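Chemist: First the structure, then my questions, so here it is.
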Amino acid sequence: MQRRFRLSRSDDFKRVRRTGKSYAHPLVVLVAQASEQKQIRIGVTAGKTTGTAVHRNRAKRLLREAMRPLIPALTLRLAQDNASGWDLILIARPALVTATLEDTRSALTNLFTRARLLQSVPVDESPE
RNA sequence: CAGGCUGGUCGGGCAGUCGCGGUCCUGCGUUGUCGGGAUCGAGGAAAGUCCGCACUCCAUAGAGCACGACGUCGGAGAGUACCCCGGGGUGGGGAAACCGCCGAGAGGCGCGAACCUACCGGAUAAAAGGGCCACAGAAACAAACAGCCCACGCAAGUGUGGUGAUGGUGAAAAGGUGGUGUAAGAGACCACCGGCGCCCGCAGUAAUGCGGGUGGCCAGGUAACCCCCGUCGGGAGCAAGGCCAAGCAGGGGCGAUUUCGUCCGUGGACGAUGGGAGACUGCUCGUCUCCAUACGUGUCCUUCCCUCUUGUGGGAGGGACCAGCCCCGGGUAGGCUGCAUCGAGCGGCGCGGAGACGCGCCGCCCAGAGAGAUGACUGCCCAGGCGGAGAAAUCCGCUGGACAGAAUGCGGCUUAUAGACCAGCCUGAGGA
């Protein structure tokens, strides 16, 4: 996931977490808020409860790697609906440390479907 | 071969696909949140933050006190970092890391290799003091419970005195054995042994060791108690610090009161015209937006209540507007820098040294984010583990890699760590 898709400013994080709408999953929590900018920006977070620095890094890398192939679908839908952009925050939960890439990806598609950012799940994956 | 000790090394490898960050180069009818290429991209502990140094800011005439840390000897690090003086050096001074490294000594401990020593300054000891020593015990540094002895009080018994030999207590009760001596005893005295101090000699750079002489000095321990002696020590930290700097607030300045028409009527509304400011836009034109001097009993919008001619008036509340631009200093958000290689730097070879390490030559340039890059998947292989087959070599299957993630740099320490390898040494057993 390239840096240009990332949410990086501290103020943005605060704003989204305060006013955005959140969706929970055992592995990860999604917080979403519409923005004026015509693009998707994603912030990835792992708190102290996730574990040590190694575990936090592992969780964030897993989320970014799982997120990467989903970005084209999200931006496509953005173009179709001519809708506003979205600022998203993904918050890792402790169980994510032991999860595989496949687990993480299905968790994300599940969350995006529930948040109505994706219309249907991709072909060979199903939300749990 | 088994068990053990010490030191060191490594801590998965290769290939492919997809992906991320830095640096450099490069392409363009498209200058991009663009495309292409090259190259580099975590650790031995990156961790804990227990310390030292560099670096930065603050404080600081000099000296001392207080407080804190440390304490066998020699060496390496290092005559380095750093400080001082000077125009100029072959100049002067000179470190540190909560006991780090090498070697030695002393004490302790283990069969031994080894290991440990805040148990290595001082308790009369280069020189001076204070405190404390639980329980038990008569008494813990001054002392007489029992016992022993003598004298006196007639005696039994008791009291006064002497005694540290005997008993008991205790971690510890004043060096041990034998003798002399004595009322009984005691280093009170003597011989030998042990300890301590002093003197001399020898060995060693030294700590210290050995030998001789000498002093009855032998009345303890504790300085991770105060204290004394010696040495060292300003404080805070990269969120240090430096530069730039939206917005808001502050200070200063510039800033348009045009004309005509219509309507209500001492002033306004609307339209036109001209004027001012900003944006598009670097400039001209043009277009668009805003402004009309005004913090007032202002204008506009709106909610509720009363009046009630359903329109007006009054009251209470809410919202919007009354420009814009320029300059100034301080400075918030934010940005840039510090910050990524030229250093007590790393690697190789040679030489010197017992070693820490030093010298010489050659080569190298080696991560750098700021919501934080170094990852994911697949295949093959490898150390190791488990199971099976086999007399064995070996083969087959399954499994399989810990602790852990840079954030100013370097150094010391501590802690975590699956497993593997190498070297030296010790003990025991067996063989030649």
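In the structure tokens, chains take the letters A, B, ... in the order shown, each chain's residues start at 1, and ligands count up from 1 in the order shown.
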Running DSSP on the backbone, which parts of range 12-116 of chain A land in helix (DSSP H, G or I), as an MDAnalysis selection string?

Modeler: chainID A and resid 12:19 48:50 53:81 94:98 101:114

Chemist: Could you take the residues named above and write them with C-alpha atoms, as a short mmCIF file (atom, residue, chain, number, x, y, z; two decimals), in the first residue's frame?

Modeler:
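For reference, result_19.cif as written:
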data_model
loop_
_atom_site.label_atom_id
_atom_site.label_comp_id
_atom_site.auth_asym_id
_atom_site.auth_seq_id
_atom_site.Cartn_x
_atom_site.Cartn_y
_atom_site.Cartn_z
CA ASP A 12 -7.07 13.37 10.66
CA PHE A 13 -6.80 10.42 12.97
CA LYS A 14 -8.45 12.32 15.79
CA ARG A 15 -11.25 13.58 13.56
CA VAL A 16 -12.10 10.21 12.06
CA ARG A 17 -12.01 8.42 15.37
CA ARG A 18 -14.23 11.01 16.96
CA THR A 19 -16.88 11.45 14.27
CA LYS A 48 -0.28 -1.39 23.22
CA THR A 49 -2.89 -4.07 23.80
CA THR A 50 -1.80 -5.73 20.57
CA ALA A 53 6.70 -3.75 18.99
CA VAL A 54 7.21 -6.88 16.90
CA HIS A 55 3.56 -7.84 17.21
CA ARG A 56 2.34 -4.34 16.47
CA ASN A 57 4.46 -4.14 13.34
CA ARG A 58 3.30 -7.58 12.25
CA ALA A 59 -0.35 -6.58 12.67
CA LYS A 60 0.05 -3.36 10.71
CA ARG A 61 1.95 -5.05 7.89
CA LEU A 62 -0.70 -7.71 7.68
CA LEU A 63 -3.43 -5.09 7.44
CA ARG A 64 -1.61 -3.08 4.79
CA GLU A 65 -0.86 -6.17 2.73
CA ALA A 66 -4.46 -7.35 2.97
CA MET A 67 -5.69 -3.88 2.11
CA ARG A 68 -3.56 -3.44 -1.00
CA PRO A 69 -5.64 -5.48 -3.54
CA LEU A 70 -8.88 -4.00 -2.21
CA ILE A 71 -8.02 -0.42 -3.05
CA PRO A 72 -8.85 -0.63 -6.79
CA ALA A 73 -12.33 -2.01 -6.02
CA LEU A 74 -13.00 0.76 -3.55
CA THR A 75 -11.85 3.53 -5.87
CA LEU A 76 -13.84 1.98 -8.73
CA ARG A 77 -17.00 2.14 -6.69
CA LEU A 78 -16.14 5.69 -5.80
CA ALA A 79 -15.98 6.61 -9.48
CA GLN A 80 -19.22 4.79 -10.32
CA ASP A 81 -21.31 6.51 -7.69
CA PRO A 94 -4.82 -8.83 19.74
CA ALA A 95 -6.15 -11.86 17.84
CA LEU A 96 -4.77 -10.46 14.59
CA VAL A 97 -1.21 -11.37 15.59
CA THR A 98 -1.87 -15.06 15.06
CA LEU A 101 -3.28 -13.17 5.42
CA GLU A 102 -6.42 -14.96 4.20
CA ASP A 103 -8.16 -14.49 7.54
CA THR A 104 -7.33 -10.80 7.50
CA ARG A 105 -8.50 -10.28 3.92
CA SER A 106 -11.87 -11.93 4.52
CA ALA A 107 -12.30 -9.88 7.69
CA LEU A 108 -11.72 -6.70 5.71
CA THR A 109 -14.14 -7.59 2.92
CA ASN A 110 -16.71 -8.44 5.54
CA LEU A 111 -16.27 -5.05 7.16
CA PHE A 112 -16.36 -3.14 3.88
CA THR A 113 -19.55 -4.90 2.84
CA ARG A 114 -21.19 -4.01 6.12
#

Chemist: Enumerate as a list in words all residues of range 7-104 of chain A assigned to strand (DSSP E or B) by DSSP on the backbone, naming them with the chain letters and numbers the document uses.

Modeler: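 Residues meeting the strand (DSSP E or B) criterion: Lys21, Ser22, Tyr23, Ala24, Val28, Val29, Leu30, Val31, Ala32, Gln33, Ala34, Ser35, Ile40, Arg41, Ile42, Gly43, Val44, Thr45, Gly85, Trp86, Asp87, Leu88, Ile89, Leu90, Ile91 and Ala92 of chain A.
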
Chemist: Using N, CA and C atoms, can you export the residues from the last selection as a compact mmCIF listing (two decimals), in the first residue's frame?

Modeler:
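part-v3.txt was written with the following content:
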# COMPACT_ATOMS: atom_id res chain seq x y z
N LYS A 21 -17.91 6.41 11.76
CA LYS A 21 -18.77 5.31 12.17
C LYS A 21 -17.92 4.06 12.21
N SER A 22 -18.10 3.24 13.27
CA SER A 22 -17.19 2.11 13.45
C SER A 22 -17.91 0.79 13.27
N TYR A 23 -17.14 -0.18 12.77
CA TYR A 23 -17.64 -1.53 12.54
C TYR A 23 -16.63 -2.49 13.14
N ALA A 24 -17.11 -3.43 13.96
CA ALA A 24 -16.19 -4.30 14.70
C ALA A 24 -16.16 -5.69 14.10
N VAL A 28 -10.28 -7.15 13.65
CA VAL A 28 -9.95 -5.76 13.33
C VAL A 28 -11.21 -4.90 13.43
N VAL A 29 -11.01 -3.62 13.73
CA VAL A 29 -12.11 -2.67 13.82
C VAL A 29 -11.93 -1.65 12.71
N LEU A 30 -13.03 -1.33 12.00
CA LEU A 30 -13.00 -0.34 10.93
C LEU A 30 -13.73 0.91 11.40
N VAL A 31 -13.09 2.07 11.19
CA VAL A 31 -13.76 3.33 11.44
C VAL A 31 -13.75 4.09 10.12
N ALA A 32 -14.96 4.53 9.68
CA ALA A 32 -15.07 5.15 8.36
C ALA A 32 -15.75 6.49 8.48
N GLN A 33 -15.24 7.45 7.68
CA GLN A 33 -15.88 8.76 7.64
C GLN A 33 -15.73 9.31 6.24
N ALA A 34 -16.83 9.90 5.71
CA ALA A 34 -16.77 10.50 4.39
C ALA A 34 -15.93 11.75 4.44
N SER A 35 -15.22 12.05 3.34
CA SER A 35 -14.38 13.24 3.31
C SER A 35 -14.62 13.99 2.01
N ILE A 40 -9.56 7.58 -1.46
CA ILE A 40 -9.59 6.75 -0.26
C ILE A 40 -8.29 6.95 0.48
N ARG A 41 -8.38 7.19 1.78
CA ARG A 41 -7.15 7.23 2.59
C ARG A 41 -7.36 6.29 3.77
N ILE A 42 -6.31 5.53 4.05
CA ILE A 42 -6.43 4.50 5.08
C ILE A 42 -5.35 4.71 6.13
N GLY A 43 -5.74 4.67 7.38
CA GLY A 43 -4.78 4.70 8.48
C GLY A 43 -4.82 3.36 9.18
N VAL A 44 -3.66 2.90 9.62
CA VAL A 44 -3.55 1.60 10.27
C VAL A 44 -2.98 1.79 11.66
N THR A 45 -3.59 1.17 12.64
CA THR A 45 -3.21 1.41 14.03
C THR A 45 -3.15 0.09 14.78
N GLY A 85 -15.13 10.98 -1.09
CA GLY A 85 -14.08 10.07 -0.68
C GLY A 85 -14.30 9.58 0.73
N TRP A 86 -13.39 8.70 1.15
CA TRP A 86 -13.52 8.13 2.49
C TRP A 86 -12.19 8.16 3.20
N ASP A 87 -12.25 8.47 4.49
CA ASP A 87 -11.10 8.27 5.36
C ASP A 87 -11.41 7.08 6.24
N LEU A 88 -10.49 6.10 6.24
CA LEU A 88 -10.73 4.86 6.97
C LEU A 88 -9.61 4.66 7.98
N ILE A 89 -9.96 4.08 9.12
CA ILE A 89 -8.93 3.66 10.08
C ILE A 89 -9.16 2.19 10.39
N LEU A 90 -8.07 1.43 10.33
CA LEU A 90 -8.14 0.01 10.69
C LEU A 90 -7.40 -0.16 12.01
N ILE A 91 -8.07 -0.67 13.00
CA ILE A 91 -7.47 -0.84 14.33
C ILE A 91 -7.28 -2.34 14.57
N ALA A 92 -6.04 -2.72 14.78
CA ALA A 92 -5.74 -4.14 15.00
C ALA A 92 -6.17 -4.57 16.39

Chemist: Would you list the contacts of range 323-334 of chain B as a VMD selection string, taking every protein, DNA or RNA residue within 12 Å and counting only C-alpha atoms (C1' of nucleotides), but skipping same-chain residues closer than 6 positions in sequence?

Modeler: (chain A and resid 9 to 11) or (chain B and resid 244 to 256 276 to 278 290 to 294)

Chemist: Would you output that residue set with C-alpha atoms (C1' of nucleotides), as a compact mmCIF listing (two decimals), in the first residue's frame?

Modeler:
# COMPACT_ATOMS: atom_id res chain seq x y z
CA ARG A 9 -1.80 13.41 9.98
CA SER A 10 -2.55 13.26 13.65
CA ASP A 11 -5.50 15.63 13.28
C1' C B 244 10.98 29.29 8.18
C1' A B 245 6.06 30.15 9.43
C1' A B 246 -0.64 29.52 7.88
C1' G B 247 -4.80 30.84 11.10
C1' C B 248 -6.38 33.60 15.49
C1' A B 249 -5.03 37.68 18.62
C1' G B 250 -1.81 42.39 19.03
C1' G B 251 0.64 47.06 16.88
C1' G B 252 0.93 50.39 12.52
C1' G B 253 -0.79 51.98 7.68
C1' C B 254 -3.87 52.31 2.99
C1' G B 255 -8.91 52.45 1.81
C1' A B 256 -14.14 54.15 -2.49
C1' G B 276 -12.63 50.38 -4.81
C1' A B 277 -10.85 45.24 -3.34
C1' G B 278 -9.98 40.16 -4.49
C1' C B 290 -17.66 41.25 -2.81
C1' C B 291 -17.88 46.67 -0.89
C1' A B 292 -20.56 51.65 -0.21
C1' U B 293 -18.02 54.28 6.02
C1' A B 294 -21.24 51.44 9.41

Chemist: Where does chain B meet chain A within 7 Å, residue by residue, with the nearest atom pair and distance in Å to one decimal for each, counting only C-alpha atoms (C1' of nucleotides), listed by chain and rising number, as a Markdown table?

Modeler:
| residue | atom | partner | partner_atom | distance |
| --- | --- | --- | --- | --- |
| B:U33 | C1' | A:Arg4 | CA | 6.1 |
| B:A371 | C1' | A:Ser8 | CA | 5.5 |
| B:G375 | C1' | A:Arg61 | CA | 6.6 |
| B:G405 | C1' | A:Val54 | CA | 5.8 |

Chemist: Any chance you could export the current selection's C-alpha atoms (C1' of nucleotides) as a short mmCIF file (atom, residue, chain, number, x, y, z; two decimals), in the first residue's frame?

Modeler:
data_model
loop_
_atom_site.label_atom_id
_atom_site.label_comp_id
_atom_site.auth_asym_id
_atom_site.auth_seq_id
_atom_site.Cartn_x
_atom_site.Cartn_y
_atom_site.Cartn_z
"C1'" U B 33 -0.33 11.70 -5.89
"C1'" A B 371 0.79 7.00 12.15
"C1'" G B 375 6.80 -7.63 4.19
"C1'" G B 405 12.15 -4.36 15.36
#
